[in-house]
>>> print(open('coords-v1.pdb').read())   # PDB, C-alpha atoms and all ligand atoms
ATOM      1  CA  MET T  20     -91.560  11.319  46.067  1.00  0.00           C
ATOM      2  CA  ARG T  21     -92.402   7.907  44.547  1.00  0.00           C
ATOM      3  CA  ASP T  22     -93.534   8.170  40.918  1.00  0.00           C
ATOM      4  CA  VAL T  23     -93.994   6.287  37.656  1.00  0.00           C
ATOM      5  CA  ILE T  24     -91.981   7.665  34.718  1.00  0.00           C
ATOM      6  CA  ILE T  25     -93.128   6.762  31.194  1.00  0.00           C
ATOM      7  CA  ALA T  26     -90.185   6.126  28.824  1.00  0.00           C
ATOM      8  CA  CYS T  27     -91.381   7.940  25.691  1.00  0.00           C
ATOM      9  CA  ASP T  28     -89.124   6.117  23.243  1.00  0.00           C
ATOM     10  CA  PHE T  29     -90.616   7.622  20.094  1.00  0.00           C
ATOM     11  CA  SER T  30     -88.602   8.973  17.175  1.00  0.00           C
ATOM     12  CA  SER T  31     -90.641  12.079  16.343  1.00  0.00           C
ATOM     13  CA  ALA T  32     -92.400  14.955  18.051  1.00  0.00           C
ATOM     14  CA  GLU T  33     -95.677  14.032  16.316  1.00  0.00           C
ATOM     15  CA  GLU T  34     -95.642  10.509  17.733  1.00  0.00           C
ATOM     16  CA  VAL T  35     -94.876  11.518  21.302  1.00  0.00           C
ATOM     17  CA  LEU T  36     -97.423  14.338  21.332  1.00  0.00           C
ATOM     18  CA  ALA T  37    -100.128  12.050  19.889  1.00  0.00           C
ATOM     19  CA  PHE T  38     -99.291   9.552  22.623  1.00  0.00           C
ATOM     20  CA  LEU T  39     -99.476  12.190  25.378  1.00  0.00           C
ATOM     21  CA  ASP T  40    -102.789  13.486  23.992  1.00  0.00           C
ATOM     22  CA  LYS T  41    -104.329  10.244  25.300  1.00  0.00           C
ATOM     23  CA  PHE T  42    -103.596  11.451  28.841  1.00  0.00           C
ATOM     24  CA  SER T  43    -105.118  14.918  28.383  1.00  0.00           C
ATOM     25  CA  GLY T  44    -108.247  14.083  30.388  1.00  0.00           C
ATOM     26  CA  CYS T  45    -106.320  12.466  33.250  1.00  0.00           C
ATOM     27  CA  GLU T  46    -106.072  14.046  36.653  1.00  0.00           C
ATOM     28  CA  ARG T  47    -102.503  12.834  37.086  1.00  0.00           C
ATOM     29  CA  LYS T  48    -100.059  14.131  34.448  1.00  0.00           C
ATOM     30  CA  PRO T  49     -97.464  11.416  33.832  1.00  0.00           C
ATOM     31  CA  PHE T  50     -93.765  12.079  34.509  1.00  0.00           C
ATOM     32  CA  VAL T  51     -92.120  11.583  31.104  1.00  0.00           C
ATOM     33  CA  LYS T  52     -88.651  10.322  30.150  1.00  0.00           C
ATOM     34  CA  ILE T  53     -87.142  11.792  26.987  1.00  0.00           C
ATOM     35  CA  GLY T  54     -84.116   9.884  25.705  1.00  0.00           C
ATOM     36  CA  MET T  55     -81.415  10.532  23.141  1.00  0.00           C
ATOM     37  CA  GLU T  56     -83.420   9.387  20.116  1.00  0.00           C
ATOM     38  CA  LEU T  57     -86.236  11.874  20.621  1.00  0.00           C
ATOM     39  CA  PHE T  58     -84.004  14.704  21.870  1.00  0.00           C
ATOM     40  CA  TYR T  59     -81.507  14.454  19.010  1.00  0.00           C
ATOM     41  CA  GLY T  60     -84.314  13.974  16.465  1.00  0.00           C
ATOM     42  CA  ALA T  61     -86.827  16.553  17.624  1.00  0.00           C
ATOM     43  CA  GLY T  62     -84.524  19.006  19.428  1.00  0.00           C
ATOM     44  CA  PRO T  63     -84.978  21.022  22.618  1.00  0.00           C
ATOM     45  CA  SER T  64     -88.356  22.349  21.456  1.00  0.00           C
ATOM     46  CA  ILE T  65     -89.959  18.975  22.260  1.00  0.00           C
ATOM     47  CA  VAL T  66     -88.866  19.383  25.891  1.00  0.00           C
ATOM     48  CA  ARG T  67     -90.447  22.849  26.041  1.00  0.00           C
ATOM     49  CA  GLU T  68     -93.663  21.597  24.419  1.00  0.00           C
ATOM     50  CA  ILE T  69     -94.092  18.652  26.811  1.00  0.00           C
ATOM     51  CA  LYS T  70     -93.237  20.886  29.764  1.00  0.00           C
ATOM     52  CA  LYS T  71     -95.849  23.408  28.593  1.00  0.00           C
ATOM     53  CA  ARG T  72     -98.432  20.611  28.754  1.00  0.00           C
ATOM     54  CA  GLY T  73     -97.693  20.247  32.460  1.00  0.00           C
ATOM     55  CA  HIS T  74     -95.579  17.077  32.531  1.00  0.00           C
ATOM     56  CA  LYS T  75     -92.450  16.595  34.641  1.00  0.00           C
ATOM     57  CA  ILE T  76     -89.475  15.555  32.514  1.00  0.00           C
ATOM     58  CA  PHE T  77     -86.539  13.196  33.051  1.00  0.00           C
ATOM     59  CA  LEU T  78     -84.054  14.099  30.297  1.00  0.00           C
ATOM     60  CA  ASP T  79     -82.055  10.891  29.880  1.00  0.00           C
ATOM     61  CA  LEU T  80     -78.963  11.986  27.941  1.00  0.00           C
ATOM     62  CA  LYS T  81     -76.312  10.221  30.082  1.00  0.00           C
ATOM     63  CA  LEU T  82     -73.593  12.855  29.748  1.00  0.00           C
ATOM     64  CA  HIS T  83     -69.948  11.703  29.912  1.00  0.00           C
ATOM     65  CA  ASP T  84     -67.245  14.183  28.894  1.00  0.00           C
ATOM     66  CA  ILE T  85     -64.590  16.432  30.455  1.00  0.00           C
ATOM     67  CA  PRO T  86     -65.891  18.330  33.501  1.00  0.00           C
ATOM     68  CA  ASN T  87     -65.941  21.754  31.818  1.00  0.00           C
ATOM     69  CA  THR T  88     -67.977  20.519  28.836  1.00  0.00           C
ATOM     70  CA  VAL T  89     -70.427  18.689  31.089  1.00  0.00           C
ATOM     71  CA  LYS T  90     -70.836  21.757  33.308  1.00  0.00           C
ATOM     72  CA  LYS T  91     -71.616  24.038  30.372  1.00  0.00           C
ATOM     73  CA  THR T  92     -73.987  21.498  28.800  1.00  0.00           C
ATOM     74  CA  MET T  93     -75.838  21.059  32.081  1.00  0.00           C
ATOM     75  CA  LYS T  94     -76.317  24.812  32.241  1.00  0.00           C
ATOM     76  CA  VAL T  95     -78.129  24.617  28.899  1.00  0.00           C
ATOM     77  CA  LEU T  96     -80.272  21.649  30.013  1.00  0.00           C
ATOM     78  CA  SER T  97     -81.147  23.353  33.291  1.00  0.00           C
ATOM     79  CA  GLY T  98     -82.460  26.276  31.219  1.00  0.00           C
ATOM     80  CA  LEU T  99     -84.953  23.844  29.636  1.00  0.00           C
ATOM     81  CA  ASP T 100     -86.529  23.504  33.087  1.00  0.00           C
ATOM     82  CA  VAL T 101     -86.298  19.698  33.222  1.00  0.00           C
ATOM     83  CA  ASP T 102     -86.982  17.948  36.521  1.00  0.00           C
ATOM     84  CA  MET T 103     -84.357  15.186  36.353  1.00  0.00           C
ATOM     85  CA  THR T 104     -81.307  14.458  34.220  1.00  0.00           C
ATOM     86  CA  ASN T 105     -78.259  12.191  34.323  1.00  0.00           C
ATOM     87  CA  VAL T 106     -74.549  11.530  33.766  1.00  0.00           C
ATOM     88  CA  HIS T 107     -72.314   8.450  33.714  1.00  0.00           C
ATOM     89  CA  ALA T 108     -70.622   7.921  37.073  1.00  0.00           C
ATOM     90  CA  ALA T 109     -67.616   6.661  35.058  1.00  0.00           C
ATOM     91  CA  GLY T 110     -66.900  10.313  34.229  1.00  0.00           C
ATOM     92  CA  THR T 111     -65.416  10.649  37.772  1.00  0.00           C
ATOM     93  CA  ILE T 112     -66.428  12.517  40.922  1.00  0.00           C
ATOM     94  CA  GLU T 113     -64.940  15.730  39.505  1.00  0.00           C
ATOM     95  CA  MET T 114     -67.160  15.483  36.412  1.00  0.00           C
ATOM     96  CA  MET T 115     -70.259  14.765  38.512  1.00  0.00           C
ATOM     97  CA  LYS T 116     -69.505  17.800  40.725  1.00  0.00           C
ATOM     98  CA  ALA T 117     -69.121  19.945  37.603  1.00  0.00           C
ATOM     99  CA  ALA T 118     -72.495  18.670  36.327  1.00  0.00           C
ATOM    100  CA  LEU T 119     -74.142  19.704  39.587  1.00  0.00           C
ATOM    101  CA  GLU T 120     -72.612  23.186  39.396  1.00  0.00           C
ATOM    102  CA  GLY T 121     -73.866  23.600  35.845  1.00  0.00           C
ATOM    103  CA  LEU T 122     -77.397  22.591  36.800  1.00  0.00           C
ATOM    104  CA  GLN T 123     -77.710  25.144  39.612  1.00  0.00           C
ATOM    105  CA  LYS T 124     -80.157  27.924  38.674  1.00  0.00           C
ATOM    106  CA  PRO T 125     -79.786  31.557  39.790  1.00  0.00           C
ATOM    107  CA  ASP T 126     -82.626  31.025  42.303  1.00  0.00           C
ATOM    108  CA  GLY T 127     -80.640  28.190  43.951  1.00  0.00           C
ATOM    109  CA  THR T 128     -82.886  25.349  42.690  1.00  0.00           C
ATOM    110  CA  ARG T 129     -81.830  22.621  40.263  1.00  0.00           C
ATOM    111  CA  PRO T 130     -83.200  19.444  38.637  1.00  0.00           C
ATOM    112  CA  LEU T 131     -82.503  16.082  40.295  1.00  0.00           C
ATOM    113  CA  LEU T 132     -79.185  14.659  39.081  1.00  0.00           C
ATOM    114  CA  ILE T 133     -78.867  10.895  38.775  1.00  0.00           C
ATOM    115  CA  ALA T 134     -75.835   8.766  37.783  1.00  0.00           C
ATOM    116  CA  VAL T 135     -75.672   5.701  35.586  1.00  0.00           C
ATOM    117  CA  THR T 136     -73.415   3.164  37.349  1.00  0.00           C
ATOM    118  CA  GLN T 137     -72.942   0.256  34.932  1.00  0.00           C
ATOM    119  CA  LEU T 138     -75.479  -0.074  32.115  1.00  0.00           C
ATOM    120  CA  THR T 139     -77.687  -3.127  32.564  1.00  0.00           C
ATOM    121  CA  SER T 140     -76.584  -4.187  29.074  1.00  0.00           C
ATOM    122  CA  THR T 141     -72.987  -4.579  30.356  1.00  0.00           C
ATOM    123  CA  SER T 142     -72.316  -8.081  31.673  1.00  0.00           C
ATOM    124  CA  GLU T 143     -69.789  -8.740  34.428  1.00  0.00           C
ATOM    125  CA  GLU T 144     -67.698 -10.689  31.927  1.00  0.00           C
ATOM    126  CA  ARG T 145     -67.489  -7.812  29.413  1.00  0.00           C
ATOM    127  CA  MET T 146     -66.879  -5.270  32.159  1.00  0.00           C
ATOM    128  CA  GLN T 147     -63.903  -7.294  33.402  1.00  0.00           C
ATOM    129  CA  LYS T 148     -62.495  -8.348  30.001  1.00  0.00           C
ATOM    130  CA  GLU T 149     -63.096  -5.177  27.963  1.00  0.00           C
ATOM    131  CA  LEU T 150     -63.091  -2.423  30.566  1.00  0.00           C
ATOM    132  CA  LEU T 151     -60.441  -4.090  32.764  1.00  0.00           C
ATOM    133  CA  ILE T 152     -62.494  -3.554  35.908  1.00  0.00           C
ATOM    134  CA  ASN T 153     -61.428  -6.447  38.107  1.00  0.00           C
ATOM    135  CA  ALA T 154     -64.100  -6.136  40.807  1.00  0.00           C
ATOM    136  CA  GLY T 155     -67.448  -7.903  40.535  1.00  0.00           C
ATOM    137  CA  ILE T 156     -70.377  -6.029  38.987  1.00  0.00           C
ATOM    138  CA  ALA T 157     -72.312  -5.661  42.267  1.00  0.00           C
ATOM    139  CA  GLU T 158     -69.249  -4.204  44.002  1.00  0.00           C
ATOM    140  CA  THR T 159     -68.644  -1.871  41.044  1.00  0.00           C
ATOM    141  CA  ILE T 160     -72.245  -0.631  41.100  1.00  0.00           C
ATOM    142  CA  GLY T 161     -72.078  -0.005  44.865  1.00  0.00           C
ATOM    143  CA  HIS T 162     -68.762   1.825  44.495  1.00  0.00           C
ATOM    144  CA  TYR T 163     -69.935   4.018  41.587  1.00  0.00           C
ATOM    145  CA  ALA T 164     -73.120   4.831  43.531  1.00  0.00           C
ATOM    146  CA  ALA T 165     -70.985   5.855  46.530  1.00  0.00           C
ATOM    147  CA  ASN T 166     -68.914   8.091  44.223  1.00  0.00           C
ATOM    148  CA  ALA T 167     -72.124   9.713  42.959  1.00  0.00           C
ATOM    149  CA  LYS T 168     -73.208  10.336  46.527  1.00  0.00           C
ATOM    150  CA  GLU T 169     -69.821  11.810  47.422  1.00  0.00           C
ATOM    151  CA  ALA T 170     -70.131  14.190  44.458  1.00  0.00           C
ATOM    152  CA  GLY T 171     -73.479  15.358  45.844  1.00  0.00           C
ATOM    153  CA  LEU T 172     -75.799  13.674  43.326  1.00  0.00           C
ATOM    154  CA  ASP T 173     -79.318  12.629  44.293  1.00  0.00           C
ATOM    155  CA  GLY T 174     -79.261   8.997  43.206  1.00  0.00           C
ATOM    156  CA  VAL T 175     -78.601   6.455  40.470  1.00  0.00           C
ATOM    157  CA  VAL T 176     -80.339   4.589  37.663  1.00  0.00           C
ATOM    158  CA  CYS T 177     -80.112   0.851  38.295  1.00  0.00           C
ATOM    159  CA  SER T 178     -81.945  -2.416  37.771  1.00  0.00           C
ATOM    160  CA  PRO T 179     -84.603  -2.898  40.459  1.00  0.00           C
ATOM    161  CA  LEU T 180     -82.653  -5.940  41.583  1.00  0.00           C
ATOM    162  CA  GLU T 181     -79.676  -3.662  42.308  1.00  0.00           C
ATOM    163  CA  ALA T 182     -81.636  -1.089  44.308  1.00  0.00           C
ATOM    164  CA  SER T 183     -80.788  -2.820  47.590  1.00  0.00           C
ATOM    165  CA  ILE T 184     -77.035  -2.704  46.820  1.00  0.00           C
ATOM    166  CA  VAL T 185     -77.368   1.028  46.196  1.00  0.00           C
ATOM    167  CA  LYS T 186     -79.417   1.685  49.344  1.00  0.00           C
ATOM    168  CA  GLU T 187     -76.892  -0.312  51.392  1.00  0.00           C
ATOM    169  CA  ALA T 188     -73.959   1.668  50.001  1.00  0.00           C
ATOM    170  CA  CYS T 189     -75.579   5.117  50.096  1.00  0.00           C
ATOM    171  CA  GLY T 190     -78.513   5.090  52.519  1.00  0.00           C
ATOM    172  CA  LYS T 191     -82.245   4.891  51.914  1.00  0.00           C
ATOM    173  CA  GLU T 192     -82.635   8.575  51.035  1.00  0.00           C
ATOM    174  CA  PHE T 193     -80.389   8.102  47.982  1.00  0.00           C
ATOM    175  CA  ILE T 194     -82.743   7.769  45.003  1.00  0.00           C
ATOM    176  CA  ALA T 195     -83.019   4.550  42.970  1.00  0.00           C
ATOM    177  CA  VAL T 196     -84.542   5.071  39.509  1.00  0.00           C
ATOM    178  CA  THR T 197     -85.315   1.661  38.046  1.00  0.00           C
ATOM    179  CA  PRO T 198     -86.225   0.531  34.515  1.00  0.00           C
ATOM    180  CA  GLY T 199     -86.833  -3.165  33.712  1.00  0.00           C
ATOM    181  CA  ILE T 200     -90.443  -3.152  34.907  1.00  0.00           C
ATOM    182  CA  ARG T 201     -93.053  -5.616  33.621  1.00  0.00           C
ATOM    183  CA  PHE T 202     -96.521  -6.632  34.762  1.00  0.00           C
ATOM    184  CA  ALA T 203     -96.664 -10.142  36.209  1.00  0.00           C
ATOM    185  CA  ASP T 204     -98.855 -11.330  33.300  1.00  0.00           C
ATOM    186  CA  ALA T 205     -96.891  -9.705  30.425  1.00  0.00           C
ATOM    187  CA  ALA T 206     -93.969 -10.381  28.062  1.00  0.00           C
ATOM    188  CA  ALA T 207     -90.408  -9.455  29.097  1.00  0.00           C
ATOM    189  CA  ASP T 208     -89.477  -8.173  25.560  1.00  0.00           C
ATOM    190  CA  ASP T 209     -85.686  -7.772  25.468  1.00  0.00           C
ATOM    191  CA  GLN T 210     -85.358  -6.976  29.187  1.00  0.00           C
ATOM    192  CA  VAL T 211     -83.680  -9.665  31.263  1.00  0.00           C
ATOM    193  CA  ARG T 212     -83.554  -8.565  34.881  1.00  0.00           C
ATOM    194  CA  ILE T 213     -87.149  -7.499  35.403  1.00  0.00           C
ATOM    195  CA  THR T 214     -89.631  -7.086  38.185  1.00  0.00           C
ATOM    196  CA  THR T 215     -93.226  -5.893  38.691  1.00  0.00           C
ATOM    197  CA  PRO T 216     -94.202  -2.391  39.869  1.00  0.00           C
ATOM    198  CA  ALA T 217     -95.369  -3.819  43.207  1.00  0.00           C
ATOM    199  CA  ARG T 218     -92.116  -5.723  43.766  1.00  0.00           C
ATOM    200  CA  ALA T 219     -90.058  -2.657  42.757  1.00  0.00           C
ATOM    201  CA  ARG T 220     -91.831  -0.753  45.508  1.00  0.00           C
ATOM    202  CA  GLU T 221     -91.007  -3.463  48.069  1.00  0.00           C
ATOM    203  CA  ILE T 222     -87.350  -3.516  47.000  1.00  0.00           C
ATOM    204  CA  GLY T 223     -87.076   0.235  47.532  1.00  0.00           C
ATOM    205  CA  SER T 224     -87.271   1.872  44.071  1.00  0.00           C
ATOM    206  CA  ASP T 225     -88.168   5.560  44.251  1.00  0.00           C
ATOM    207  CA  PHE T 226     -89.041   5.992  40.567  1.00  0.00           C
ATOM    208  CA  ILE T 227     -89.883   3.241  38.092  1.00  0.00           C
ATOM    209  CA  VAL T 228     -89.241   3.848  34.386  1.00  0.00           C
ATOM    210  CA  VAL T 229     -91.794   2.012  32.268  1.00  0.00           C
ATOM    211  CA  GLY T 230     -91.760   2.006  28.461  1.00  0.00           C
ATOM    212  CA  ARG T 231     -93.403  -0.660  26.311  1.00  0.00           C
ATOM    213  CA  PRO T 232     -95.804  -2.020  28.955  1.00  0.00           C
ATOM    214  CA  ILE T 233     -97.475   1.413  28.634  1.00  0.00           C
ATOM    215  CA  THR T 234     -96.484   2.760  25.194  1.00  0.00           C
ATOM    216  CA  ALA T 235     -97.258  -0.487  23.327  1.00  0.00           C
ATOM    217  CA  SER T 236    -100.427  -1.227  25.280  1.00  0.00           C
ATOM    218  CA  GLU T 237    -103.829  -1.103  23.568  1.00  0.00           C
ATOM    219  CA  ASP T 238    -104.954   1.148  26.402  1.00  0.00           C
ATOM    220  CA  PRO T 239    -101.924   3.179  27.577  1.00  0.00           C
ATOM    221  CA  VAL T 240    -103.925   5.174  30.122  1.00  0.00           C
ATOM    222  CA  ALA T 241    -105.217   1.984  31.793  1.00  0.00           C
ATOM    223  CA  ALA T 242    -101.693   0.487  31.772  1.00  0.00           C
ATOM    224  CA  TYR T 243    -100.272   3.680  33.321  1.00  0.00           C
ATOM    225  CA  ASN T 244    -103.001   3.740  35.973  1.00  0.00           C
ATOM    226  CA  ARG T 245    -102.269   0.097  36.781  1.00  0.00           C
ATOM    227  CA  CYS T 246     -98.562   0.972  37.291  1.00  0.00           C
ATOM    228  CA  VAL T 247     -99.485   3.881  39.530  1.00  0.00           C
ATOM    229  CA  LYS T 248    -101.852   1.729  41.589  1.00  0.00           C
ATOM    230  CA  GLU T 249     -99.319  -1.083  42.027  1.00  0.00           C
ATOM    231  CA  PHE T 250     -96.307   1.171  42.674  1.00  0.00           C
ATOM    232  CA  ILE T 251     -97.758   4.099  44.585  1.00  0.00           C
ATOM    233  CA  GLY T 252    -101.009   2.630  45.911  1.00  0.00           C
TER     234      GLY T 252
HETATM  235  O1  LIG T 301     -89.806  -0.495  27.140  1.00  0.00           O
HETATM  236  P1  LIG T 301     -89.064  -0.633  28.429  1.00  0.00           P
HETATM  237  O2  LIG T 301     -89.967  -0.624  29.655  1.00  0.00           O
HETATM  238  O3  LIG T 301     -88.111  -1.815  28.424  1.00  0.00           O
HETATM  239  O4  LIG T 301     -88.190   0.708  28.512  1.00  0.00           O
HETATM  240  C1  LIG T 301     -87.247   0.938  29.526  1.00  0.00           C
HETATM  241  C2  LIG T 301     -86.597   2.266  29.323  1.00  0.00           C
HETATM  242  O5  LIG T 301     -85.554   2.414  30.285  1.00  0.00           O
HETATM  243  C3  LIG T 301     -85.934   2.460  27.969  1.00  0.00           C
HETATM  244  O6  LIG T 301     -86.016   3.861  27.656  1.00  0.00           O
HETATM  245  C4  LIG T 301     -84.499   2.038  28.209  1.00  0.00           C
HETATM  246  O7  LIG T 301     -83.611   2.674  27.331  1.00  0.00           O
HETATM  247  C5  LIG T 301     -84.302   2.560  29.634  1.00  0.00           C
HETATM  248  N1  LIG T 301     -83.231   1.909  30.369  1.00  0.00           N
HETATM  249  C6  LIG T 301     -83.186   0.542  30.593  1.00  0.00           C
HETATM  250  N2  LIG T 301     -82.138   0.008  31.297  1.00  0.00           N
HETATM  251  C7  LIG T 301     -81.171   0.810  31.778  1.00  0.00           C
HETATM  252  C8  LIG T 301     -81.215   2.194  31.576  1.00  0.00           C
HETATM  253  C9  LIG T 301     -82.274   2.718  30.852  1.00  0.00           C
HETATM  254  O8  LIG T 301     -84.073  -0.177  30.190  1.00  0.00           O
HETATM  255  N3  LIG T 301     -80.201   0.300  32.468  1.00  0.00           N
END
>>> encode(input="coords-v1.pdb", output="structure tokens")
Amino acid sequence: MRDVIIACDFSSAEEVLAFLDKFSGCERKPFVKIGMELFYGAGPSIVREIKKRGHKIFLDLKLHDIPNTVKKTMKVLSGLDVDMTNVHAAGTIEMMKAALEGLQKPDGTRPLLIAVTQLTSTSEERMQKELLINAGIAETIGHYAANAKEAGLDGVVCSPLEASIVKEACGKEFIAVTPGIRFADAAADDQVRITTPARAREIGSDFIVVGRPITASEDPVAAYNRCVKEFIG
């Protein structure tokens, strides 16, 4: 199950396809994350194109709306044959259940569904002052993860340093997808709570999401292979 997901944070289809061309000779096809920027800019056809090239896709659109709208949208996304997608746990257990129903294909299969608990950009102070959530951030993350599990979801996106909170609340089979990954000898960029691929593995991450350490590298294939070696072995 463990895998390295490359965050393809490019703004156009041309850029992402040129980037993926570099991996055409590789035995291992990278799992690719497509976020809002690329999806809204390039449209669903970019998902089909990358899928056609044999990559698995995590479609990171973080849905959060009324249950009926989320269900119908998930039906559309499921038709794109993605492998993983996500919602905000803040949308409630009812919304997460509706998302799962929408994802279900006629043959009974569906993509993995992951919840965002609290964004890593949200500090405890802002969460308490602006969102009026009185609990601490760790407790909130554990509680939202438990809600996602109760709704039947497969796991959550969290900082690698929060993976243990999630595994404690939901069991070790519950998937932790973790961004905030940096090599030990590299810059942190704008990420604050970071760890290395090897440490993420020790902490219990199931999937690491790695962007700039691969996409901005002079040799993206070597950087990807290094992630795979450190995280999967
Ligand atoms: O370039 P970098 O490795 O920092 O990219 C991390 C990716 O993971 C980006 O696409 C970012 O939006 C995403 N992400 C994150 N922190 C979260 C959720 C998603 O960094 N909490």
>>> resolve_selection(input="coords-v1.pdb", expression="the PyMOL selection byres (((chain T and resi 76) around 6) and not hetatm)", output="list in words")
Phe50, Val51, Lys52, Lys75, Phe77, Val101 and Asp102 of chain T
>>> resolve_selection(input="coords-v1.pdb", expression="the PyMOL selection byres (((not hetatm)) within 6 of (chain T and resi 301))", output="list in words")
Ala26, Asp28, Leu138, Thr139, Cys177, Pro198, Gly199, Ile200, Gln210, Val228, Val229, Gly230 and Arg231 of chain T
>>> residues_near_point(input="coords-v1.pdb", point="(-86.6, 17.7, 38.8)", cutoff="12 Å", atoms="all atoms listed in the file", output="compact mmCIF listing (two decimals) with C-alpha atoms, in the coordinates of the input")
# COMPACT_ATOMS: atom_id res chain seq x y z
CA MET T 20 -91.56 11.32 46.07
CA ASP T 22 -93.53 8.17 40.92
CA PHE T 50 -93.76 12.08 34.51
CA VAL T 51 -92.12 11.58 31.10
CA LYS T 52 -88.65 10.32 30.15
CA LYS T 70 -93.24 20.89 29.76
CA HIS T 74 -95.58 17.08 32.53
CA LYS T 75 -92.45 16.60 34.64
CA ILE T 76 -89.48 15.56 32.51
CA PHE T 77 -86.54 13.20 33.05
CA LEU T 78 -84.05 14.10 30.30
CA LEU T 96 -80.27 21.65 30.01
CA SER T 97 -81.15 23.35 33.29
CA LEU T 99 -84.95 23.84 29.64
CA ASP T 100 -86.53 23.50 33.09
CA VAL T 101 -86.30 19.70 33.22
CA ASP T 102 -86.98 17.95 36.52
CA MET T 103 -84.36 15.19 36.35
CA THR T 104 -81.31 14.46 34.22
CA ASN T 105 -78.26 12.19 34.32
CA LEU T 122 -77.40 22.59 36.80
CA GLN T 123 -77.71 25.14 39.61
CA THR T 128 -82.89 25.35 42.69
CA ARG T 129 -81.83 22.62 40.26
CA PRO T 130 -83.20 19.44 38.64
CA LEU T 131 -82.50 16.08 40.30
CA LEU T 132 -79.18 14.66 39.08
CA ILE T 133 -78.87 10.90 38.78
CA ASP T 173 -79.32 12.63 44.29
>>> residues_around(input="coords-v1.pdb", residues="range 150-160 of chain T", least_positions_apart="6", cutoff="9 Å", atoms="only C-alpha atoms", output="PyMOL selection string")
chain T and resi 136-137+142-144+177+181+184-185
>>> residues_around(input="coords-v1.pdb", residues="range 58-60 of chain T", least_positions_apart="6", cutoff="9 Å", atoms="all atoms listed in the file", output="list in words")
Ser30, Ser31, Ala32, Val66, Leu78 and Leu80 of chain T
>>> atom_distance(input="coords-v1.pdb", atom1="CA of Thr234 in chain T", atom2="CA of Leu172 in chain T")
29.6 Å
>>> residues_around(input="coords-v1.pdb", residues="Ile222 in chain T", least_positions_apart="2", cutoff="7 Å", atoms="all atoms listed in the file", output="PDB file with C-alpha atoms, in the coordinates of the input")
ATOM      1  CA  ALA T 182     -81.636  -1.089  44.308  1.00  0.00           C
ATOM      2  CA  SER T 183     -80.788  -2.820  47.590  1.00  0.00           C
ATOM      3  CA  ARG T 218     -92.116  -5.723  43.766  1.00  0.00           C
ATOM      4  CA  ALA T 219     -90.058  -2.657  42.757  1.00  0.00           C
ATOM      5  CA  ARG T 220     -91.831  -0.753  45.508  1.00  0.00           C
ATOM      6  CA  SER T 224     -87.271   1.872  44.071  1.00  0.00           C
TER       7      SER T 224
END
>>> closest_residue(input="coords-v1.pdb", among="T:Ala205, T:Cys246, T:Ala235, T:Glu187", to="Cys27 in chain T", atoms="all atoms listed in the file")
T:Ala235
>>> atom_distance(input="coords-v1.pdb", atom1="CA of Ala242 in chain T", atom2="CA of Met55 in chain T")
24.2 Å
>>> resolve_selection(input="coords-v1.pdb", expression="the PyMOL selection byres (((chain T and resi 45) around 12) and not hetatm)", output="VMD selection string")
chain T and resid 39 to 44 46 to 49 73 to 74 239 to 241 243 to 244
>>> write_last_selection(input="coords-v1.pdb", atoms="C-alpha atoms", output="tab-separated table (two decimals), in the frame of the given file")
chain	number	residue	atom	x	y	z
T	39	LEU	CA	-99.48	12.19	25.38
T	40	ASP	CA	-102.79	13.49	23.99
T	41	LYS	CA	-104.33	10.24	25.30
T	42	PHE	CA	-103.60	11.45	28.84
T	43	SER	CA	-105.12	14.92	28.38
T	44	GLY	CA	-108.25	14.08	30.39
T	46	GLU	CA	-106.07	14.05	36.65
T	47	ARG	CA	-102.50	12.83	37.09
T	48	LYS	CA	-100.06	14.13	34.45
T	49	PRO	CA	-97.46	11.42	33.83
T	73	GLY	CA	-97.69	20.25	32.46
T	74	HIS	CA	-95.58	17.08	32.53
T	239	PRO	CA	-101.92	3.18	27.58
T	240	VAL	CA	-103.92	5.17	30.12
T	241	ALA	CA	-105.22	1.98	31.79
T	243	TYR	CA	-100.27	3.68	33.32
T	244	ASN	CA	-103.00	3.74	35.97
>>> atom_distance(input="coords-v1.pdb", atom1="CA of Arg67 in chain T", atom2="CA of Phe226 in chain T")
22.3 Å
>>> closest_residue(input="coords-v1.pdb", among="T:Asp204, T:Asp238, T:Glu169, T:Asp79", to="Glu113 in chain T", atoms="all atoms listed in the file")
T:Glu169
>>> closest_residue(input="coords-v1.pdb", among="T:Ala108, T:Leu180, T:Ala217, T:Ile251", to="Ala164 in chain T", atoms="only C-alpha atoms")
T:Ala108
>>> residues_around(input="coords-v1.pdb", residues="Ala165 in chain T", least_positions_apart="3", cutoff="7 Å", atoms="all atoms listed in the file", output="list of chain:residue names")
T:Gly161, T:His162, T:Lys168, T:Glu169, T:Ala188, T:Cys189
>>> closest_residue(input="coords-v1.pdb", among="T:Ala170, T:Leu57, T:Val196, T:Val176", to="Leu36 in chain T", atoms="all atoms listed in the file")
T:Leu57
>>> residues_around(input="coords-v1.pdb", residues="Val175 in chain T", least_positions_apart="5", cutoff="6 Å", atoms="all atoms listed in the file", output="VMD selection string")
chain T and resid 133 to 135 195
